[in-house]
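Engineer: I'm passing along coords36.txt; it holds compact mmCIF, C-alpha atoms.
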# COMPACT_ATOMS: atom_id res chain seq x y z
CA MET S 5 -50.30 143.71 145.44
CA LYS S 6 -51.99 143.63 142.05
CA LYS S 7 -53.46 146.99 141.01
CA GLN S 8 -57.25 147.11 140.73
CA ASP S 9 -59.33 149.09 138.28
CA ILE S 10 -61.66 151.05 140.54
CA ARG S 11 -63.89 152.01 137.61
CA PHE S 12 -65.59 148.66 138.05
CA LEU S 13 -66.41 149.37 141.70
CA SER S 14 -69.70 150.89 142.82
CA PRO S 15 -69.66 154.63 143.62
CA ILE S 16 -69.95 153.88 147.37
CA ALA S 17 -66.97 151.48 147.24
CA GLN S 18 -64.95 154.02 145.26
CA ASP S 19 -65.64 156.74 147.85
CA ALA S 20 -64.66 154.42 150.71
CA LEU S 21 -61.39 153.41 149.01
CA ARG S 22 -60.39 157.00 148.36
CA GLU S 23 -61.08 158.00 151.95
CA ARG S 24 -58.99 155.08 153.30
CA VAL S 25 -56.09 155.92 151.00
CA ILE S 26 -56.10 159.64 151.92
CA GLN S 27 -56.47 158.83 155.64
CA ALA S 28 -53.40 156.59 155.38
CA VAL S 29 -51.43 159.38 153.69
CA ARG S 30 -52.56 161.84 156.38
CA ASP S 31 -51.34 159.39 159.06
CA GLY S 32 -47.83 159.51 157.61
CA MET S 33 -47.77 156.87 154.85
CA SER S 34 -46.10 158.01 151.64
CA GLN S 35 -48.18 158.21 148.48
CA ALA S 36 -46.07 155.53 146.78
CA GLU S 37 -46.52 153.14 149.72
CA ALA S 38 -50.28 153.86 149.89
CA ALA S 39 -50.59 153.06 146.19
CA ARG S 40 -48.81 149.70 146.73
CA VAL S 41 -50.78 148.77 149.86
CA PHE S 42 -54.23 149.57 148.44
CA GLY S 43 -53.49 148.30 144.91
CA VAL S 44 -54.04 151.53 143.02
CA SER S 45 -51.82 153.63 140.77
CA ARG S 46 -49.47 156.29 142.09
CA GLN S 47 -51.12 158.85 139.78
CA SER S 48 -54.54 158.13 141.29
CA VAL S 49 -53.28 158.69 144.83
CA ASN S 50 -51.71 161.98 143.82
CA LYS S 51 -54.94 163.11 142.10
CA TRP S 52 -57.09 162.18 145.11
CA TYR S 53 -54.72 163.98 147.44
CA GLY S 54 -55.12 167.11 145.32
CA TRP S 55 -58.90 166.84 145.53
CA TRP S 56 -58.71 166.45 149.31
CA ARG S 57 -56.47 169.51 149.69
CA LYS S 58 -58.90 171.65 147.66
CA LYS S 59 -62.25 170.49 149.05
CA GLY S 60 -61.55 168.17 151.95
CA MET S 61 -63.26 164.77 152.18
CA ARG S 62 -66.19 166.21 150.17
CA GLY S 63 -63.88 166.41 147.18
CA LEU S 64 -63.46 162.62 147.18
CA SER S 65 -67.13 161.88 146.44
CA SER S 66 -67.91 160.21 143.10
CA ARG S 67 -69.17 162.36 140.25
CA PRO S 68 -72.47 161.50 138.51
CA ARG S 69 -71.96 158.98 135.71
CA GLY S 70 -73.22 159.21 132.10
CA ARG S 71 -75.26 162.00 130.59
CA PRO S 72 -77.02 164.43 132.93
CA SER S 73 -80.55 163.19 133.51
CA SER S 74 -82.03 166.68 133.78
CA ILE S 75 -82.94 168.65 130.64
CA GLN S 76 -80.95 171.86 130.52
CA LEU S 77 -83.51 173.78 128.44
CA LEU S 78 -86.91 174.50 129.91
CA PRO S 79 -89.92 173.84 127.62
CA TRP S 80 -90.54 177.56 127.03
CA GLN S 81 -86.87 178.06 126.17
CA ALA S 82 -86.99 175.20 123.67
CA ALA S 83 -90.14 176.72 122.11
CA VAL S 84 -88.38 180.09 121.67
CA VAL S 85 -85.38 178.45 119.97
CA VAL S 86 -87.58 176.41 117.60
CA ARG S 87 -89.55 179.52 116.60
CA LEU S 88 -86.38 181.53 115.92
CA ILE S 89 -84.80 178.74 113.84
CA THR S 90 -88.00 178.39 111.82
CA ASP S 91 -88.69 182.08 111.22
CA ARG S 92 -85.25 183.73 111.06
CA CYS S 93 -81.78 183.31 109.59
CA PRO S 94 -78.73 183.46 111.91
CA ASP S 95 -77.47 186.78 110.49
CA GLN S 96 -80.87 188.36 111.25
CA LEU S 97 -80.21 187.56 114.92
CA LYS S 98 -76.71 189.09 114.76
CA LEU S 99 -74.96 185.72 114.79
CA PRO S 100 -71.82 185.22 112.64
CA PHE S 101 -73.47 182.48 110.53
CA PHE S 102 -75.61 182.32 107.38
CA LEU S 103 -76.95 178.78 107.89
CA TRP S 104 -78.46 177.06 110.92
CA THR S 105 -75.70 174.67 111.96
CA ARG S 106 -75.28 173.02 115.37
CA GLU S 107 -72.71 175.68 116.22
CA ALA S 108 -75.12 178.46 115.25
CA VAL S 109 -77.92 176.99 117.40
CA ARG S 110 -75.49 176.53 120.29
CA ASP S 111 -74.51 180.21 120.11
CA LEU S 112 -78.17 181.25 119.83
CA ILE S 113 -79.00 179.36 123.05
CA GLU S 114 -76.05 180.93 124.82
CA GLN S 115 -76.98 184.40 123.52
CA ARG S 116 -80.61 184.12 124.64
CA PHE S 117 -80.39 182.15 127.87
CA GLY S 118 -76.73 182.10 128.96
CA ILE S 119 -76.64 178.28 128.69
CA ARG S 120 -73.56 176.80 127.03
CA LEU S 121 -74.23 173.40 125.44
CA SER S 122 -71.97 171.10 123.44
CA VAL S 123 -72.64 170.68 119.72
CA TRP S 124 -73.56 167.02 120.37
CA THR S 125 -76.21 168.05 122.88
CA VAL S 126 -77.52 170.65 120.43
CA GLY S 127 -77.65 167.94 117.75
CA ARG S 128 -79.79 165.76 120.01
CA TYR S 129 -82.11 168.68 120.71
CA LEU S 130 -82.49 169.40 116.97
CA GLN S 131 -83.29 165.75 116.29
CA ARG S 132 -85.87 165.75 119.10
CA TRP S 133 -87.48 168.92 117.67
CA GLY S 134 -87.79 167.34 114.21
CA PHE S 135 -84.99 169.27 112.44
CA THR S 136 -82.72 167.56 109.89
CA PRO S 137 -79.76 168.97 107.87
CA GLN S 138 -81.01 170.05 104.43
CA LYS S 139 -79.75 172.00 101.46
CA PRO S 140 -81.53 175.37 101.68
CA LEU S 141 -83.41 176.99 98.82
CA ARG S 142 -82.25 180.39 97.64
CA ARG S 143 -84.84 183.18 97.87
CA ALA S 144 -84.37 186.72 96.58
CA TYR S 145 -84.53 189.65 98.99
CA GLU S 146 -86.74 191.42 96.43
CA ARG S 147 -89.51 188.83 96.73
CA ASP S 148 -92.77 190.39 97.88
CA ALA S 149 -94.40 188.06 100.43
CA GLN S 150 -97.72 189.91 100.18
CA ALA S 151 -97.79 189.54 96.40
CA VAL S 152 -97.11 185.81 96.75
CA GLN S 153 -99.92 185.44 99.26
CA ASN S 154 -102.25 187.39 97.00
CA TRP S 155 -101.36 185.13 94.07
CA LEU S 156 -102.10 181.97 96.07
CA THR S 157 -105.35 183.15 97.63
CA LYS S 158 -106.88 185.39 94.95
CA GLU S 159 -105.17 185.77 91.57
CA TYR S 160 -104.63 182.13 90.65
CA PRO S 161 -108.04 180.96 91.98
CA ASP S 162 -109.60 183.69 89.80
CA ILE S 163 -107.60 182.52 86.75
CA LYS S 164 -108.72 178.95 87.40
CA LYS S 165 -112.40 179.95 87.61
CA GLN S 166 -112.15 182.07 84.49
CA ALA S 167 -110.46 179.24 82.55
CA LYS S 168 -113.28 176.89 83.54
CA ARG S 169 -115.86 179.46 82.50
CA GLU S 170 -114.28 180.03 79.08
CA GLY S 171 -113.23 176.42 78.46
CA ALA S 172 -109.54 177.41 78.36
CA THR S 173 -106.49 175.25 79.09
CA VAL S 174 -104.07 176.60 81.72
CA PHE S 175 -100.42 176.18 80.72
CA TRP S 176 -97.43 176.97 82.95
CA GLY S 177 -94.38 178.02 80.98
CA ASP S 178 -90.72 178.85 81.38
CA GLU S 179 -87.48 178.88 79.42
CA MET S 180 -84.03 177.64 80.38
CA GLY S 181 -80.47 177.73 79.07
CA MET S 182 -78.24 174.61 79.25
CA ARG S 183 -74.47 174.21 79.03
CA SER S 184 -72.49 171.16 78.03
CA ASP S 185 -70.30 171.28 81.16
CA HIS S 186 -73.25 170.94 83.56
CA GLN S 187 -72.75 167.86 85.74
CA ALA S 188 -75.20 166.04 87.98
CA GLY S 189 -75.17 162.83 90.00
CA THR S 190 -72.39 160.91 91.70
CA SER S 191 -70.16 157.99 90.78
CA TYR S 192 -68.61 155.36 93.04
CA GLY S 193 -64.85 155.38 93.44
CA ARG S 194 -62.21 154.32 95.94
CA LYS S 195 -62.05 156.43 99.08
CA GLY S 196 -59.76 159.43 98.56
CA GLU S 197 -59.62 158.86 94.77
CA THR S 198 -62.11 161.08 92.94
CA PRO S 199 -63.44 159.35 89.80
CA VAL S 200 -62.52 161.02 86.51
CA ILE S 201 -65.04 161.05 83.65
CA SER S 202 -63.87 162.03 80.20
CA GLY S 203 -65.74 164.64 78.18
CA THR S 204 -65.12 167.33 75.62
CA GLY S 205 -63.27 170.44 76.71
CA GLN S 206 -65.44 172.58 74.46
CA ARG S 207 -68.36 174.52 75.88
CA PHE S 208 -71.55 174.80 73.91
CA ARG S 209 -75.09 175.57 74.91
CA CYS S 210 -78.69 175.44 73.86
CA SER S 211 -82.01 176.66 75.26
CA MET S 212 -85.52 175.37 75.59
CA ILE S 213 -88.95 176.79 76.27
CA SER S 214 -91.71 174.57 77.59
CA ALA S 215 -95.29 174.62 78.84
CA ILE S 216 -97.11 172.01 80.95
CA THR S 217 -100.62 171.48 82.32
CA ASN S 218 -101.82 169.69 85.44
CA ARG S 219 -103.54 167.16 83.13
CA GLY S 220 -100.17 165.97 81.84
CA LYS S 221 -99.77 167.90 78.58
CA LEU S 222 -96.28 169.02 77.59
CA ALA S 223 -95.30 171.37 74.73
CA PHE S 224 -91.68 172.35 74.13
CA MET S 225 -89.26 173.94 71.70
CA VAL S 226 -85.49 173.49 71.77
CA PHE S 227 -83.46 176.20 70.05
CA GLY S 228 -79.91 177.42 69.68
CA GLN S 229 -80.37 181.14 69.13
CA LYS S 230 -80.82 183.86 71.74
CA PHE S 231 -84.20 184.02 73.46
CA LYS S 232 -86.04 186.93 71.84
CA ALA S 233 -89.62 188.05 71.38
CA SER S 234 -89.76 186.33 67.98
CA VAL S 235 -88.82 182.98 69.57
CA PHE S 236 -91.43 183.39 72.31
CA ILE S 237 -94.13 184.35 69.82
CA GLY S 238 -93.20 181.39 67.64
CA PHE S 239 -93.67 179.06 70.61
CA MET S 240 -97.05 180.61 71.50
CA LYS S 241 -98.20 180.13 67.90
CA ARG S 242 -97.31 176.47 68.18
CA LEU S 243 -99.06 176.23 71.56
CA VAL S 244 -102.29 177.72 70.17
CA ARG S 245 -102.14 175.53 67.05
CA HIS S 246 -101.72 172.27 68.98
CA ASN S 247 -104.36 173.02 71.61
CA ARG S 248 -107.12 171.95 69.22
CA GLY S 249 -109.04 175.19 69.11
CA ARG S 250 -109.29 175.66 72.88
CA LYS S 251 -108.26 179.00 74.33
CA VAL S 252 -104.86 179.08 76.06
CA PHE S 253 -104.22 180.69 79.44
CA PHE S 254 -100.43 180.93 79.60
CA ILE S 255 -98.81 181.63 83.02
CA VAL S 256 -95.16 182.78 82.91
CA ASP S 257 -92.78 184.95 84.92
CA GLU S 258 -92.00 188.59 84.18
CA HIS S 259 -88.98 187.95 81.98
CA PRO S 260 -88.21 191.06 79.86
CA VAL S 261 -89.14 189.14 76.70
CA HIS S 262 -92.52 188.09 78.17
CA VAL S 263 -93.50 191.69 78.93
CA SER S 264 -91.97 193.25 75.81
CA SER S 265 -94.10 195.54 73.63
CA LYS S 266 -93.80 193.15 70.67
CA VAL S 267 -95.23 190.25 72.67
CA LYS S 268 -97.98 192.44 74.17
CA LYS S 269 -99.02 193.62 70.73
CA TRP S 270 -99.13 190.06 69.36
CA VAL S 271 -101.22 188.77 72.32
CA GLU S 272 -103.59 191.78 72.15
CA GLY S 273 -104.47 190.85 68.58
CA ARG S 274 -105.41 187.28 69.59
CA LYS S 275 -107.48 187.69 72.76
CA ASP S 276 -109.86 184.99 71.62
CA GLN S 277 -106.97 182.47 71.35
CA ILE S 278 -104.49 183.21 74.14
CA ARG S 279 -104.03 185.27 77.29
CA LEU S 280 -100.87 185.85 79.29
CA PHE S 281 -100.74 185.89 83.10
CA PHE S 282 -97.68 186.70 85.19
CA LEU S 283 -96.38 185.14 88.39
CA PRO S 284 -95.21 187.38 91.26
CA GLY S 285 -91.64 188.59 90.86
CA TYR S 286 -88.74 186.48 92.13
CA SER S 287 -90.99 183.47 92.79
CA PRO S 288 -89.77 180.58 90.59
CA ASP S 289 -90.83 178.09 93.27
CA LEU S 290 -94.49 178.84 92.41
CA ASN S 291 -94.04 177.60 88.83
CA PRO S 292 -94.48 173.82 88.24
CA ASP S 293 -92.55 174.11 84.96
CA GLU S 294 -89.39 174.78 86.99
CA LEU S 295 -89.53 171.11 88.05
CA LEU S 296 -89.47 170.04 84.41
CA ASN S 297 -86.48 172.35 83.87
CA GLN S 298 -84.59 170.72 86.72
CA ASP S 299 -85.49 167.24 85.47
CA VAL S 300 -84.22 167.99 81.97
CA LYS S 301 -81.07 169.75 83.14
CA THR S 302 -80.19 166.85 85.44
CA ASN S 303 -81.07 163.84 83.30
CA ALA S 304 -80.77 165.05 79.71
CA VAL S 305 -77.65 167.19 80.21
CA GLY S 306 -75.99 166.60 83.59
CA ARG S 307 -75.89 162.79 83.32
CA ARG S 308 -74.86 162.75 79.63
CA ARG S 309 -71.58 163.62 77.91
CA PRO S 310 -72.44 165.15 74.50
CA HIS S 311 -69.51 165.49 72.11
CA ASN S 312 -70.95 168.47 70.26
CA ARG S 313 -73.89 170.84 70.17
CA VAL S 314 -75.88 168.73 67.71
CA GLU S 315 -75.69 165.73 70.03
CA MET S 316 -76.71 167.88 72.98
CA LEU S 317 -79.78 169.16 71.13
CA ARG S 318 -80.67 165.59 70.17
CA ASN S 319 -80.36 164.38 73.79
CA VAL S 320 -82.60 167.15 75.12
CA ARG S 321 -85.27 166.66 72.44
CA SER S 322 -85.23 162.88 72.92
CA TYR S 323 -85.72 163.24 76.67
CA LEU S 324 -88.57 165.72 76.21
CA TRP S 325 -90.31 163.49 73.64
CA SER S 326 -90.06 160.62 76.12
CA THR S 327 -91.56 162.79 78.87
CA GLN S 328 -94.27 163.99 76.50
CA ARG S 329 -95.41 160.38 76.05
CA ARG S 330 -95.72 159.95 79.83
CA PRO S 331 -98.45 162.34 81.04
CA GLN S 332 -98.38 160.74 84.49
CA LYS S 333 -94.82 162.01 84.91
CA VAL S 334 -95.86 165.55 83.98
CA ARG S 335 -98.79 165.37 86.41
CA ALA S 336 -96.37 164.28 89.13
CA TYR S 337 -94.56 167.64 88.92
CA PHE S 338 -97.71 169.25 90.29
CA GLN S 339 -97.58 167.07 93.43
CA HIS S 340 -94.54 168.89 94.79
CA PRO S 341 -95.58 170.69 98.01
CA LYS S 342 -94.62 174.13 96.65
CA VAL S 343 -96.80 173.87 93.53
CA LYS S 344 -99.54 171.52 94.66
CA TYR S 345 -101.89 174.51 94.72
CA ALA S 346 -101.86 174.32 90.89
CA ALA S 347 -102.73 170.60 90.66
Let me see whether you can do it: turn the structure in this file into structure tokens.

Structural biologist:
Amino acid sequence: MKKQDIRFLSPIAQDALRERVIQAVRDGMSQAEAARVFGVSRQSVNKWYGWWRKKGMRGLSSRPRGRPSSIQLLPWQAAVVVRLITDRCPDQLKLPFFLWTREAVRDLIEQRFGIRLSVWTVGRYLQRWGFTPQKPLRRAYERDAQAVQNWLTKEYPDIKKQAKREGATVFWGDEMGMRSDHQAGTSYGRKGETPVISGTGQRFRCSMISAITNRGKLAFMVFGQKFKASVFIGFMKRLVRHNRGRKVFFIVDEHPVHVSSKVKKWVEGRKDQIRLFFLPGYSPDLNPDELLNQDVKTNAVGRRRPHNRVEMLRNVRSYLWSTQRRPQKVRAYFQHPKVKYAA
């Protein structure tokens, strides 16, 4: 008799066939003969017989097909997991992970509720809750959350009002170092064969300092020497000179050069021309000029292959001049969610 694939039978028909086969074996028919008579495999008969010996006829009933229809996490349990993923890191919950992966969430659910889920089920839960895999931002432990909140709700609004009162222009500034071996972007290649791009083996670097406004103004200076108070003062002189007589409110971080005695003395002597304001410590994400830095580092350095330092300086200056002529691009930096407060 031709063997049949019982997977295509209904659950009721499958149960009936198993019971008939096992009853025949119980009545004295050998397993091999039962397999031939009923058109099933010898392995299936042996497996069913094992089920019957463990649980009786109840063990021959069909198992539920497909995914379980019932949700294994209750709504309040899901809410707890979402809150913990949003507010904490895995290591803060004594889990052996630093990032929220499917495995980390699986272990969190087991730790909290004693429910063991597969990583695929956890992935479906995360998708349902609106979570997607993302590259995390790095944030310093030393960052003062209260100082950040105070800056957003009081200090910067006060600076903005004062600038309007005095007719001053608010600039956001920062400086950045660049190296010739910085690489950005991807290149197509055959699978398993990483593309090779030629470039100089020498390492050279340059630096830039820039300042932008939410109206689209950009001022910059590219230099090769070490960043010192004299360089910063030279840039501020240029900033004051090119701002057409309007007072400058210059917001920067607390870099040692920015708060040096030489810079303080120079600014104190020109209170009618320029004032310095400082962002909270360890909070680069609050500075719109950081977005210009990333743009320049990626497109003027990372996607180019300068042969020497002179060419690198020329590439950076050319890219900044191009950006300077496009105020709408500078204004777009201020639309990023983290710095939109400054728009």

Engineer: Using all atoms listed in the file, tabulate the residues of segment 189-210 of chain S lying at most 12 Å from any atom of segment 315-320 of chain S, each with its closest atom pair and that distance in Å to one decimal, by chain and increasing residue number, as a tab-separated table.

Structural biologist:
residue	atom	partner	partner_atom	distance
S:Thr204	CA	S:Met316	CA	11.9
S:Arg207	CA	S:Met316	CA	11.1
S:Phe208	CA	S:Met316	CA	8.7
S:Arg209	CA	S:Met316	CA	8.1
S:Cys210	CA	S:Leu317	CA	6.9

Engineer: Could you check the closest approach to Asn303 of chain S for each of S:Leu290, S:Met212, S:Leu324, S:Val200 and tell me which residue wins, using all atoms listed in the file?

Structural biologist: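 Residue with the minimum atom-to-atom distance to Asn303 of chain S: S:Leu324.
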
Engineer: Just to confirm, what's the straight-line distance from atom CA of Ala215 of chain S to atom CA of Leu243 of chain S in Å (one decimal)?

Structural biologist: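 Atom CA of Leu243 of chain S lies at a distance of 8.4 Å from atom CA of Ala215 of chain S.
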
Engineer: Figure out the distance between atom CA of Arg335 of chain S and atom CA of Lys232 of chain S, please, to one decimal in Å.

Structural biologist: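 Calculated distance between atom CA of Lys232 of chain S and atom CA of Arg335 of chain S is 29.0 Å.
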
Engineer: Counting all atoms listed in the file, write as a list in words all protein and nucleic acid residues lying at most 9 Å from (-102.6, 180.1, 91.5) in the file's frame.

Structural biologist: Trp155, Leu156, Thr157, Lys158, Glu159, Tyr160, Pro161, Asp162, Ile163, Lys164, Leu283, Leu290, Val343, Tyr345 and Ala346 of chain S

Engineer: For the residues in the current selection, export C-alpha atoms as a compact mmCIF listing (two decimals), in the coordinates of the input.

Structural biologist:
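Output contents, as saved in part29.txt:
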# COMPACT_ATOMS: atom_id res chain seq x y z
CA TRP S 155 -101.36 185.13 94.07
CA LEU S 156 -102.10 181.97 96.07
CA THR S 157 -105.35 183.15 97.63
CA LYS S 158 -106.88 185.39 94.95
CA GLU S 159 -105.17 185.77 91.57
CA TYR S 160 -104.63 182.13 90.65
CA PRO S 161 -108.04 180.96 91.98
CA ASP S 162 -109.60 183.69 89.80
CA ILE S 163 -107.60 182.52 86.75
CA LYS S 164 -108.72 178.95 87.40
CA LEU S 283 -96.38 185.14 88.39
CA LEU S 290 -94.49 178.84 92.41
CA VAL S 343 -96.80 173.87 93.53
CA TYR S 345 -101.89 174.51 94.72
CA ALA S 346 -101.86 174.32 90.89

Engineer: As a list in words, please: the residues near Met182 of chain S (cut-off 8 Å, all atoms listed in the file, same-chain neighbours under 2 positions excluded).

Structural biologist: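 Skipping anything fewer than 2 positions along the chain leaves Met180, Ser184, His186, Arg209, Cys210, Ser211, Lys301 and Val305 of chain S.
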
Engineer: Taking C-alpha atoms for each residue, export the selection above as a PDB file, in the frame of the given file.

Structural biologist:
ATOM      1  CA  MET S 180     -84.030 177.640  80.380  1.00  0.00           C
ATOM      2  CA  SER S 184     -72.490 171.160  78.030  1.00  0.00           C
ATOM      3  CA  HIS S 186     -73.250 170.940  83.560  1.00  0.00           C
ATOM      4  CA  ARG S 209     -75.090 175.570  74.910  1.00  0.00           C
ATOM      5  CA  CYS S 210     -78.690 175.440  73.860  1.00  0.00           C
ATOM      6  CA  SER S 211     -82.010 176.660  75.260  1.00  0.00           C
ATOM      7  CA  LYS S 301     -81.070 169.750  83.140  1.00  0.00           C
ATOM      8  CA  VAL S 305     -77.650 167.190  80.210  1.00  0.00           C
TER       9      VAL S 305
END

Engineer: At a cut-off of 12 Å, using all atoms listed in the file, what residues contact Pro140 of chain S? Leave out same-chain residues fewer than 5 positions from it and give the result as an MDAnalysis selection string.

Structural biologist: chainID S and resid 93 102:105

Engineer: Measuring between all atoms listed in the file, which one of S:Ser234, S:Leu222, S:Leu296, S:Gln153 shows the shortest distance to Arg329 of chain S?

Structural biologist: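 Going through S:Ser234, S:Leu222, S:Leu296, S:Gln153 one by one, the smallest distance to Arg329 of chain S is for S:Leu222.
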
Engineer: Could you check the closest approach to Ser287 of chain S for each of S:Val271, S:Phe254, S:Arg142, S:Ser202 and tell me which residue wins, using only C-alpha atoms?

Structural biologist: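 Closest to Ser287 of chain S of all the choices is S:Arg142.
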
Engineer: May I ask for the distance between atom CA of Arg248 of chain S and atom CA of Gly228 of chain S, given in Å to one decimal place?

Structural biologist: 27.8 Å

Engineer: Counting all atoms listed in the file, which residue out of S:Ala172, S:Ala17, S:Leu88, S:Leu78 sits closest to Phe253 of chain S?

Structural biologist: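 Using all atoms listed in the file, the shortest distance to Phe253 of chain S belongs to S:Ala172.
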
Engineer: Measuring atom to atom with all atoms listed in the file, identify which of S:Gly189, S:Ile255, S:Gln76, S:Asp91 is nearest to Leu121 of chain S.

Structural biologist: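 Looking at the shortest contact to Leu121 of chain S, the residue is S:Gln76.
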
Engineer: Using all atoms listed in the file, can you tell me which of S:Lys241, S:Pro288, S:Arg46, S:Ile213 comes closest to Arg321 of chain S?

Structural biologist: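 The closest residue to Arg321 of chain S is S:Ile213.
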
Engineer: Please provide the set of residues having any atom within 12 Å of Glu37 of chain S, restricted to only C-alpha atoms, with same-chain residues fewer than 3 positions apart removed, written as an MDAnalysis selection string.

Structural biologist: chainID S and resid 5 25:26 28:29 32:34 40:46 49:50

Engineer: Considering all atoms listed in the file, return as an MDAnalysis selection string whatever protein or nucleic-acid residues lie within 9 Å of Asn247 of chain S, sequence-local ones (same chain, fewer than 5 positions apart) excluded.

Structural biologist: chainID S and resid 173 242 252

Engineer: Take the residues just selected and output them with C-alpha atoms as a compact mmCIF listing (two decimals), in the coordinates of the input.

Structural biologist:
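File written: again-v5.txt
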# COMPACT_ATOMS: atom_id res chain seq x y z
CA THR S 173 -106.49 175.25 79.09
CA ARG S 242 -97.31 176.47 68.18
CA VAL S 252 -104.86 179.08 76.06
